[in-house]
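Enquirer: Got a structure here, written out as structure tokens. Questions coming.
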Amino acid sequence: GATLGVMGGGQLGRMFVHAAQRMGYFTAVLDPDESSPAGRVSHHHVRADYLDEIGLATLCGHAQAITTEFENVPADALARLAQHRDVAPGAAAVAIAQDRALEKAHFVRCGVDCAPHAVVTNEEEVASVDDDLLPGILKTARLGYDGKGQARVRTRAELRAAWEQLGRADCVLEKLLPLAFECSVVVARGHDGAMVHLPVQRNLHREGILAVTEVHEGCIPDAQAHRAIAAARRIADGLDYVGVLCVEFFGLEDGSLVVNEMAPRPHNSGHWSMDAADVSQFELQVRTLAGLPLVQPRQHSAAVMLNLLGDLWFARGAAEATPDWAGVLALPGAHLHLYGKLSARKGRKMGHLTLTGPTPAAARETALAAARQLGIATF
Ligand code: ATP
Ligand code: MG
Ligand code: MG
């Protein structure tokens with residue numbers, strides 16, 4: 001059988017591996033970590049750094065087609081792999097998604113509104129940002145995730161201090177917008193340009209980390225949902241993208257919609273699709289990589305996803321203790337996913353729980369019951 005490869009061995013790689021194996025593929029994971037969640041369930045686990053020549057050659061020896069599970073895989077490594085193997089998404093698209101300045105420029109090029117912003121790379125640019133961008137959020141151009149590498153700033157003095165704090169890194173300053181809600185759209189685009197999408201997902205973040213995703217009729221106003229899907233498709237087309245792409249949006253209080261950022265891979269907010277749609281975002285990733293047909297996924301149940309962060313493992317004191325899964329699994333429509341991480345840390349994504357139901361109200365009610373049982377804040 002054919003072997004599909006993935007750069008990165010985290011939970012996204014693990015769920016890709018599971019989807020690929022279910023469809024009859026062998027898998028190969030490249031990750032330096034001995035005990036990476038994906039490496040431990042893959043047929044092949046290449047333990048090497050992402051730019052290591054021998055590691056990349058070994059991955060090419062195993063796999064006919066290669067994808068990525070995290071956006072910070074060096075674009076250069078993807079470019080090198082692409083000399084020998086099918087690689088999707090391509091290095092050029094990943095390079096844009098890795099850099100907020102390039103990413104914003106791409107959104108503007110596609111005619112999709114984003115927050116007013118300025119690129120800040122030196123003292124002069126820090127000193128000369130437009131007054132209108134304050135209060136704002138200063139974000140490092142590269143390597144930020146889960147709200148890390150960003151700071152809220154109200155004044156020029158705070159901006160200056162935050163930029164120093166972020167190590168004078170290349171940054172983007174964004175105007176702080178009045179959010180009514182956040183949402184995201186997962187699209188999958190094939191080599192031939194054919195595209196399908198998952199329904200619009202409503203996202204709740206806590207302390208910069210995704211906490212809850214809801215996907216059901218009425219979770220987003222129709223007009224904004226349609227605009228989000230159209231914008232995500234334009235963004236993917238503009239990159240000549242191949243693979244799964246997630247685009248995050250802000251719904252504003254005045255009814256408008258602006259794009260926030262994109263991830264060149266399946267996304268935490270799309271995990272519900274494993275349990276409430278007939279084609280999951282990971283199956284879409286397998287299909288795009290293997291050149292299989294793309295069909296529009298059909299959501300068959302209303303869904304609410306709760307992220308299970310490491311904090312839950314410390315809920316009963318200082319020592320790490322497994323939460324009471326039996327309690328939540330007694331709820332009808334509860335689907336538990338644990339990522340096989342060997343130790344819990346606060347803020348670490350350990351797993352997620354999807355609650356499905358025949359109606360939005362039923363799914364929400366079950367999710368609220370699960371949240372109460374686990375000691376997760378309700379929503
Ligand atoms: P991710 O883990 O999704 O990659 P990230 O670290 O790249 O997150 P962002 O998505 O840019 O960070 O921002 C994190 C959160 O901060 C957003 O989901 C939103 O709640 C809030 N936020 C970011 N930018 C703005 C803005 N311009 N105005 C208001 N809130 C914002
Ligand atoms: Mg991000
Ligand atoms: Mg984000």
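Residues are named by chain letter and number: chains run A, B, ... in the order of the structure tokens, numbers start at 1 in each chain, and ligands are numbered from 1 in the order shown.
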Within 8 Å of ligand 1, which residues of chain A show up? Give each one with its shortest atom-to-atom distance in Å (one decimal) and the two atoms involved, counting only C-alpha atoms and all ligand atoms, rows by chain then rising residue number, as a tab-separated table.
Expert:
residue	atom	partner	partner_atom_place_in_ligand_line	distance
A:Ala115	CA	ligand 1	27 (N)	5.8
A:Gly136	CA	ligand 1	27 (N)	6.7
A:Ile137	CA	ligand 1	27 (N)	6.1
A:Lys139	CA	ligand 1	11 (O)	7.2
A:Gly144	CA	ligand 1	6 (O)	4.8
A:Tyr145	CA	ligand 1	6 (O)	3.2
A:Asp146	CA	ligand 1	2 (O)	3.3
A:Gly147	CA	ligand 1	6 (O)	3.4
A:Lys148	CA	ligand 1	6 (O)	5.2
A:Gly149	CA	ligand 1	6 (O)	6.9
A:Gln150	CA	ligand 1	6 (O)	7.2
A:Glu174	CA	ligand 1	27 (N)	5.0
A:Lys175	CA	ligand 1	27 (N)	5.1
A:Leu176	CA	ligand 1	28 (N)	3.7
A:Leu177	CA	ligand 1	28 (N)	3.9
A:Pro178	CA	ligand 1	29 (C)	6.2
A:Leu179	CA	ligand 1	29 (C)	6.1
A:Glu182	CA	ligand 1	18 (O)	6.9
A:Leu204	CA	ligand 1	20 (O)	7.6
A:His205	CA	ligand 1	20 (O)	5.7
A:Arg206	CA	ligand 1	20 (O)	7.7
A:Glu207	CA	ligand 1	15 (C)	7.9
A:Gly208	CA	ligand 1	15 (C)	4.8
A:Ile209	CA	ligand 1	2 (O)	6.0
A:Leu210	CA	ligand 1	3 (O)	7.0
A:Glu248	CA	ligand 1	10 (O)	7.3
A:Phe250	CA	ligand 1	19 (C)	7.7
A:Asn260	CA	ligand 1	11 (O)	6.3
A:Glu261	CA	ligand 1	10 (O)	6.2
A:Met262	CA	ligand 1	4 (O)	7.9
A:Ala263	CA	ligand 1	4 (O)	7.3
Enquirer: Keeping N, CA and C atoms for every residue in the selection just given, could you write it to a file as an mmCIF file, in the first residue's frame?
Expert:
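selection.cif, freshly written:
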data_model
loop_
_atom_site.group_PDB
_atom_site.id
_atom_site.type_symbol
_atom_site.label_atom_id
_atom_site.label_comp_id
_atom_site.auth_asym_id
_atom_site.auth_seq_id
_atom_site.Cartn_x
_atom_site.Cartn_y
_atom_site.Cartn_z
ATOM 1 N N ALA A 115 -8.403 43.464 10.130
ATOM 2 C CA ALA A 115 -8.305 44.580 11.080
ATOM 3 C C ALA A 115 -7.317 45.618 10.558
ATOM 4 N N GLY A 136 -4.621 48.672 20.805
ATOM 5 C CA GLY A 136 -4.384 47.621 19.821
ATOM 6 C C GLY A 136 -3.769 46.390 20.438
ATOM 7 N N ILE A 137 -3.498 45.412 19.580
ATOM 8 C CA ILE A 137 -2.803 44.201 20.015
ATOM 9 C C ILE A 137 -1.534 44.080 19.185
ATOM 10 N N LYS A 139 1.354 41.815 17.933
ATOM 11 C CA LYS A 139 1.566 40.370 17.763
ATOM 12 C C LYS A 139 2.886 40.137 17.040
ATOM 13 N N GLY A 144 3.769 32.818 16.914
ATOM 14 C CA GLY A 144 2.783 32.953 17.990
ATOM 15 C C GLY A 144 1.678 31.917 17.849
ATOM 16 N N TYR A 145 1.149 31.459 18.978
ATOM 17 C CA TYR A 145 -0.034 30.588 18.958
ATOM 18 C C TYR A 145 -0.674 30.632 20.334
ATOM 19 N N ASP A 146 -1.942 30.268 20.400
ATOM 20 C CA ASP A 146 -2.668 30.274 21.680
ATOM 21 C C ASP A 146 -2.477 31.592 22.434
ATOM 22 N N GLY A 147 -2.439 32.699 21.688
ATOM 23 C CA GLY A 147 -2.309 34.010 22.321
ATOM 24 C C GLY A 147 -0.915 34.299 22.861
ATOM 25 N N LYS A 148 0.052 33.394 22.630
ATOM 26 C CA LYS A 148 1.428 33.664 23.053
ATOM 27 C C LYS A 148 2.082 34.566 22.014
ATOM 28 N N GLY A 149 3.012 35.408 22.477
ATOM 29 C CA GLY A 149 3.673 36.329 21.546
ATOM 30 C C GLY A 149 2.784 37.492 21.177
ATOM 31 N N GLN A 150 1.861 37.857 22.063
ATOM 32 C CA GLN A 150 1.091 39.080 21.809
ATOM 33 C C GLN A 150 0.799 39.832 23.095
ATOM 34 N N GLU A 174 -2.259 45.463 15.536
ATOM 35 C CA GLU A 174 -3.638 45.459 15.038
ATOM 36 C C GLU A 174 -4.508 46.311 15.930
ATOM 37 N N LYS A 175 -5.441 46.987 15.341
ATOM 38 C CA LYS A 175 -6.423 47.720 16.131
ATOM 39 C C LYS A 175 -7.261 46.717 16.923
ATOM 40 N N LEU A 176 -7.548 47.036 18.187
ATOM 41 C CA LEU A 176 -8.411 46.192 19.012
ATOM 42 C C LEU A 176 -9.855 46.400 18.552
ATOM 43 N N LEU A 177 -10.493 45.337 18.090
ATOM 44 C CA LEU A 177 -11.840 45.461 17.506
ATOM 45 C C LEU A 177 -12.905 45.020 18.512
ATOM 46 N N PRO A 178 -14.108 45.588 18.422
ATOM 47 C CA PRO A 178 -15.204 45.169 19.310
ATOM 48 C C PRO A 178 -15.868 43.900 18.770
ATOM 49 N N LEU A 179 -15.457 42.741 19.294
ATOM 50 C CA LEU A 179 -15.918 41.464 18.755
ATOM 51 C C LEU A 179 -17.322 41.118 19.257
ATOM 52 N N GLU A 182 -16.566 35.091 17.398
ATOM 53 C CA GLU A 182 -15.480 34.618 16.541
ATOM 54 C C GLU A 182 -15.960 33.361 15.832
ATOM 55 N N LEU A 204 -15.252 30.120 20.946
ATOM 56 C CA LEU A 204 -15.067 30.902 22.163
ATOM 57 C C LEU A 204 -13.655 30.656 22.678
ATOM 58 N N HIS A 205 -12.892 31.735 22.822
ATOM 59 C CA HIS A 205 -11.525 31.620 23.356
ATOM 60 C C HIS A 205 -11.514 32.073 24.809
ATOM 61 N N ARG A 206 -10.666 31.414 25.592
ATOM 62 C CA ARG A 206 -10.428 31.878 26.959
ATOM 63 C C ARG A 206 -8.928 32.022 27.143
ATOM 64 N N GLU A 207 -8.509 33.180 27.585
ATOM 65 C CA GLU A 207 -7.073 33.467 27.768
ATOM 66 C C GLU A 207 -6.275 33.127 26.518
ATOM 67 N N GLY A 208 -6.840 33.483 25.354
ATOM 68 C CA GLY A 208 -6.114 33.313 24.096
ATOM 69 C C GLY A 208 -6.163 31.896 23.535
ATOM 70 N N ILE A 209 -6.769 30.946 24.266
ATOM 71 C CA ILE A 209 -6.810 29.549 23.820
ATOM 72 C C ILE A 209 -8.249 29.172 23.480
ATOM 73 N N LEU A 210 -8.431 28.445 22.376
ATOM 74 C CA LEU A 210 -9.769 27.985 22.028
ATOM 75 C C LEU A 210 -10.329 27.138 23.181
ATOM 76 N N GLU A 248 -9.791 31.922 10.292
ATOM 77 C CA GLU A 248 -10.482 32.469 11.469
ATOM 78 C C GLU A 248 -10.987 33.881 11.167
ATOM 79 N N PHE A 250 -13.469 37.406 12.728
ATOM 80 C CA PHE A 250 -14.152 38.115 13.803
ATOM 81 C C PHE A 250 -15.471 38.660 13.250
ATOM 82 N N ASN A 260 -9.193 37.139 10.597
ATOM 83 C CA ASN A 260 -8.136 37.265 11.602
ATOM 84 C C ASN A 260 -6.851 36.618 11.108
ATOM 85 N N GLU A 261 -6.860 35.307 10.949
ATOM 86 C CA GLU A 261 -5.648 34.598 10.539
ATOM 87 C C GLU A 261 -6.044 33.266 9.928
ATOM 88 N N MET A 262 -5.035 32.562 9.387
ATOM 89 C CA MET A 262 -5.333 31.250 8.800
ATOM 90 C C MET A 262 -4.312 30.236 9.282
ATOM 91 N N ALA A 263 -4.690 28.968 9.212
ATOM 92 C CA ALA A 263 -3.793 27.873 9.573
ATOM 93 C C ALA A 263 -3.759 26.900 8.397
#
Enquirer: May I have the residues within 10 Å of Ala223 of chain A as a PDB file with N, CA and C atoms, in the first residue's frame, using only C-alpha atoms and disregarding those fewer than 5 positions away in the same chain?
Expert:
ATOM      1  N   ALA A 228     -18.282  34.489   5.339  1.00  0.00           N
ATOM      2  CA  ALA A 228     -17.081  33.792   5.831  1.00  0.00           C
ATOM      3  C   ALA A 228     -16.684  32.675   4.863  1.00  0.00           C
ATOM      4  N   GLY A 255     -22.107  44.266  12.592  1.00  0.00           N
ATOM      5  CA  GLY A 255     -22.598  43.330  11.586  1.00  0.00           C
ATOM      6  C   GLY A 255     -21.579  42.991  10.515  1.00  0.00           C
ATOM      7  N   SER A 256     -20.401  43.606  10.570  1.00  0.00           N
ATOM      8  CA  SER A 256     -19.387  43.285   9.557  1.00  0.00           C
ATOM      9  C   SER A 256     -18.564  42.077   9.989  1.00  0.00           C
ATOM     10  N   LEU A 257     -17.751  41.614   9.068  1.00  0.00           N
ATOM     11  CA  LEU A 257     -16.941  40.417   9.302  1.00  0.00           C
ATOM     12  C   LEU A 257     -15.527  40.729   8.828  1.00  0.00           C
TER      13      LEU A 257
END
Enquirer: Quick one: residues within 8 Å of Asp275 of chain A, only C-alpha atoms counted, chain neighbours fewer than 2 positions away excluded, as a PyMOL selection string?
Expert: chain A and resi 272-273+277+280+335+354+356
Enquirer: Kindly export the residues of the current selection with N, CA and C atoms, as a short mmCIF file (atom, residue, chain, number, x, y, z; two decimals), in the first residue's frame.
Expert:
data_model
loop_
_atom_site.label_atom_id
_atom_site.label_comp_id
_atom_site.auth_asym_id
_atom_site.auth_seq_id
_atom_site.Cartn_x
_atom_site.Cartn_y
_atom_site.Cartn_z
N TRP A 272 -14.80 18.79 15.79
CA TRP A 272 -16.17 18.27 15.86
C TRP A 272 -16.53 17.42 14.65
N SER A 273 -15.88 17.71 13.49
CA SER A 273 -16.26 17.02 12.24
C SER A 273 -16.00 15.52 12.30
N ALA A 277 -19.96 14.97 11.38
CA ALA A 277 -20.05 15.13 9.93
C ALA A 277 -19.66 13.80 9.28
N SER A 280 -14.64 13.94 7.91
CA SER A 280 -13.97 14.81 8.88
C SER A 280 -12.90 15.65 8.19
N HIS A 335 -18.42 12.21 22.92
CA HIS A 335 -17.33 11.56 22.19
C HIS A 335 -16.01 12.07 22.74
N THR A 354 -16.44 16.03 22.18
CA THR A 354 -17.50 16.55 21.31
C THR A 354 -18.83 16.00 21.80
N THR A 356 -22.67 15.63 20.73
CA THR A 356 -23.56 15.74 19.58
C THR A 356 -25.00 15.54 20.04
#
Enquirer: Within 7 Å of segment 303-315 of chain A, counting only C-alpha atoms, which residues qualify if same-chain residues fewer than 4 places away don't, as a count of residues only?
Expert: 30
Enquirer: If you count only C-alpha atoms, which residues fall within 8 Å of Val6 of chain A, apart from same-chain ones fewer than 5 positions away, as a list in words?
Expert: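 Close residues of Val6 of chain A: Gly13, Thr27, Ala28, Val29, Leu30, Ile66, Thr67, Thr68 and Glu69 of chain A.
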Enquirer: Export N, CA and C atoms of the chosen residues as a PDB file, in the first residue's frame?
Expert:
ATOM      1  N   GLY A  13      -1.311  15.646  13.895  1.00  0.00           N
ATOM      2  CA  GLY A  13      -0.669  14.573  13.140  1.00  0.00           C
ATOM      3  C   GLY A  13      -1.256  13.214  13.514  1.00  0.00           C
ATOM      4  N   THR A  27       1.568   5.008   7.260  1.00  0.00           N
ATOM      5  CA  THR A  27       1.885   6.391   7.614  1.00  0.00           C
ATOM      6  C   THR A  27       3.330   6.524   8.079  1.00  0.00           C
ATOM      7  N   ALA A  28       3.874   7.717   7.869  1.00  0.00           N
ATOM      8  CA  ALA A  28       5.207   8.054   8.372  1.00  0.00           C
ATOM      9  C   ALA A  28       5.144   9.452   8.980  1.00  0.00           C
ATOM     10  N   VAL A  29       5.691   9.591  10.176  1.00  0.00           N
ATOM     11  CA  VAL A  29       5.687  10.872  10.903  1.00  0.00           C
ATOM     12  C   VAL A  29       7.129  11.313  11.100  1.00  0.00           C
ATOM     13  N   LEU A  30       7.417  12.578  10.829  1.00  0.00           N
ATOM     14  CA  LEU A  30       8.729  13.117  11.186  1.00  0.00           C
ATOM     15  C   LEU A  30       8.556  14.056  12.367  1.00  0.00           C
ATOM     16  N   ILE A  66       3.444  13.948   1.152  1.00  0.00           N
ATOM     17  CA  ILE A  66       3.750  14.446   2.499  1.00  0.00           C
ATOM     18  C   ILE A  66       2.959  15.720   2.783  1.00  0.00           C
ATOM     19  N   THR A  67       2.380  15.783   3.991  1.00  0.00           N
ATOM     20  CA  THR A  67       1.666  16.980   4.427  1.00  0.00           C
ATOM     21  C   THR A  67       2.285  17.475   5.731  1.00  0.00           C
ATOM     22  N   THR A  68       1.674  18.505   6.314  1.00  0.00           N
ATOM     23  CA  THR A  68       2.205  19.054   7.553  1.00  0.00           C
ATOM     24  C   THR A  68       1.079  19.227   8.548  1.00  0.00           C
ATOM     25  N   GLU A  69       1.426  19.169   9.834  1.00  0.00           N
ATOM     26  CA  GLU A  69       0.399  19.284  10.848  1.00  0.00           C
ATOM     27  C   GLU A  69       0.601  20.517  11.711  1.00  0.00           C
TER      28      GLU A  69
END
Enquirer: Grab the atom CA of Ala48 of chain A to atom CA of Asp31 of chain A distance for me, in Å with one decimal place.
Expert: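 Separation between atom CA of Ala48 of chain A and atom CA of Asp31 of chain A: 5.9 Å.
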Enquirer: Determine the nearest neighbour of His226 of chain A from the options A:His43, A:His197, A:Arg160, A:Arg152, counting only C-alpha atoms.
Expert: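 Using only C-alpha atoms, His226 of chain A sits closest to A:His197.
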Enquirer: Write down as a list in words the residues belonging to segment 61-108 of chain A that are assigned strand (DSSP E or B) by DSSP computed on the backbone.
Expert: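 Everything in segment 61-108 of chain A that counts as strand (DSSP E or B) is Ala65, Ile66, Thr67, Thr68, Asp86 and Val87 of chain A.
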Enquirer: Just C-alpha atoms for this one: save the residues we selected as a tab-separated table (two decimals), in the first residue's frame.
Expert:
chain	number	residue	atom	x	y	z
A	65	ALA	CA	3.11	12.20	-0.49
A	66	ILE	CA	3.75	14.45	2.50
A	67	THR	CA	1.67	16.98	4.43
A	68	THR	CA	2.20	19.05	7.55
A	86	ASP	CA	4.13	15.38	-3.65
A	87	VAL	CA	3.87	17.95	-0.85
Enquirer: Could you tell me which of A:Ala361, A:Leu331, A:Val247, A:Ala369 comes closest to ligand 3 if we count only C-alpha atoms and all ligand atoms?
Expert: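 Using only C-alpha atoms and all ligand atoms, ligand 3 sits closest to A:Val247.
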Enquirer: Nearest to Ala79 of chain A among A:Ala20, A:Gln201, A:Ala188, A:Tyr50, with distances taken over only C-alpha atoms: which residue is it?
Expert: A:Tyr50
Enquirer: What is the atom CA of Gly5 of chain A to atom CA of Leu102 of chain A distance in Å?
Expert: 27.1 Å
Enquirer: Give me, as a count of residues only, all polymer residues having an atom no more than 12 Å from Gly327 of chain A, counting only C-alpha atoms and skipping those fewer than 2 positions away in the same chain.
Expert: 16
Enquirer: Give the answer as one residue: which of A:Ala97, A:Ala231, A:Leu368, A:Leu166 has the shortest atom-to-atom distance to ligand 2, using only C-alpha atoms and all ligand atoms?
Expert: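 Smallest separation from ligand 2 among the options: A:Ala97.
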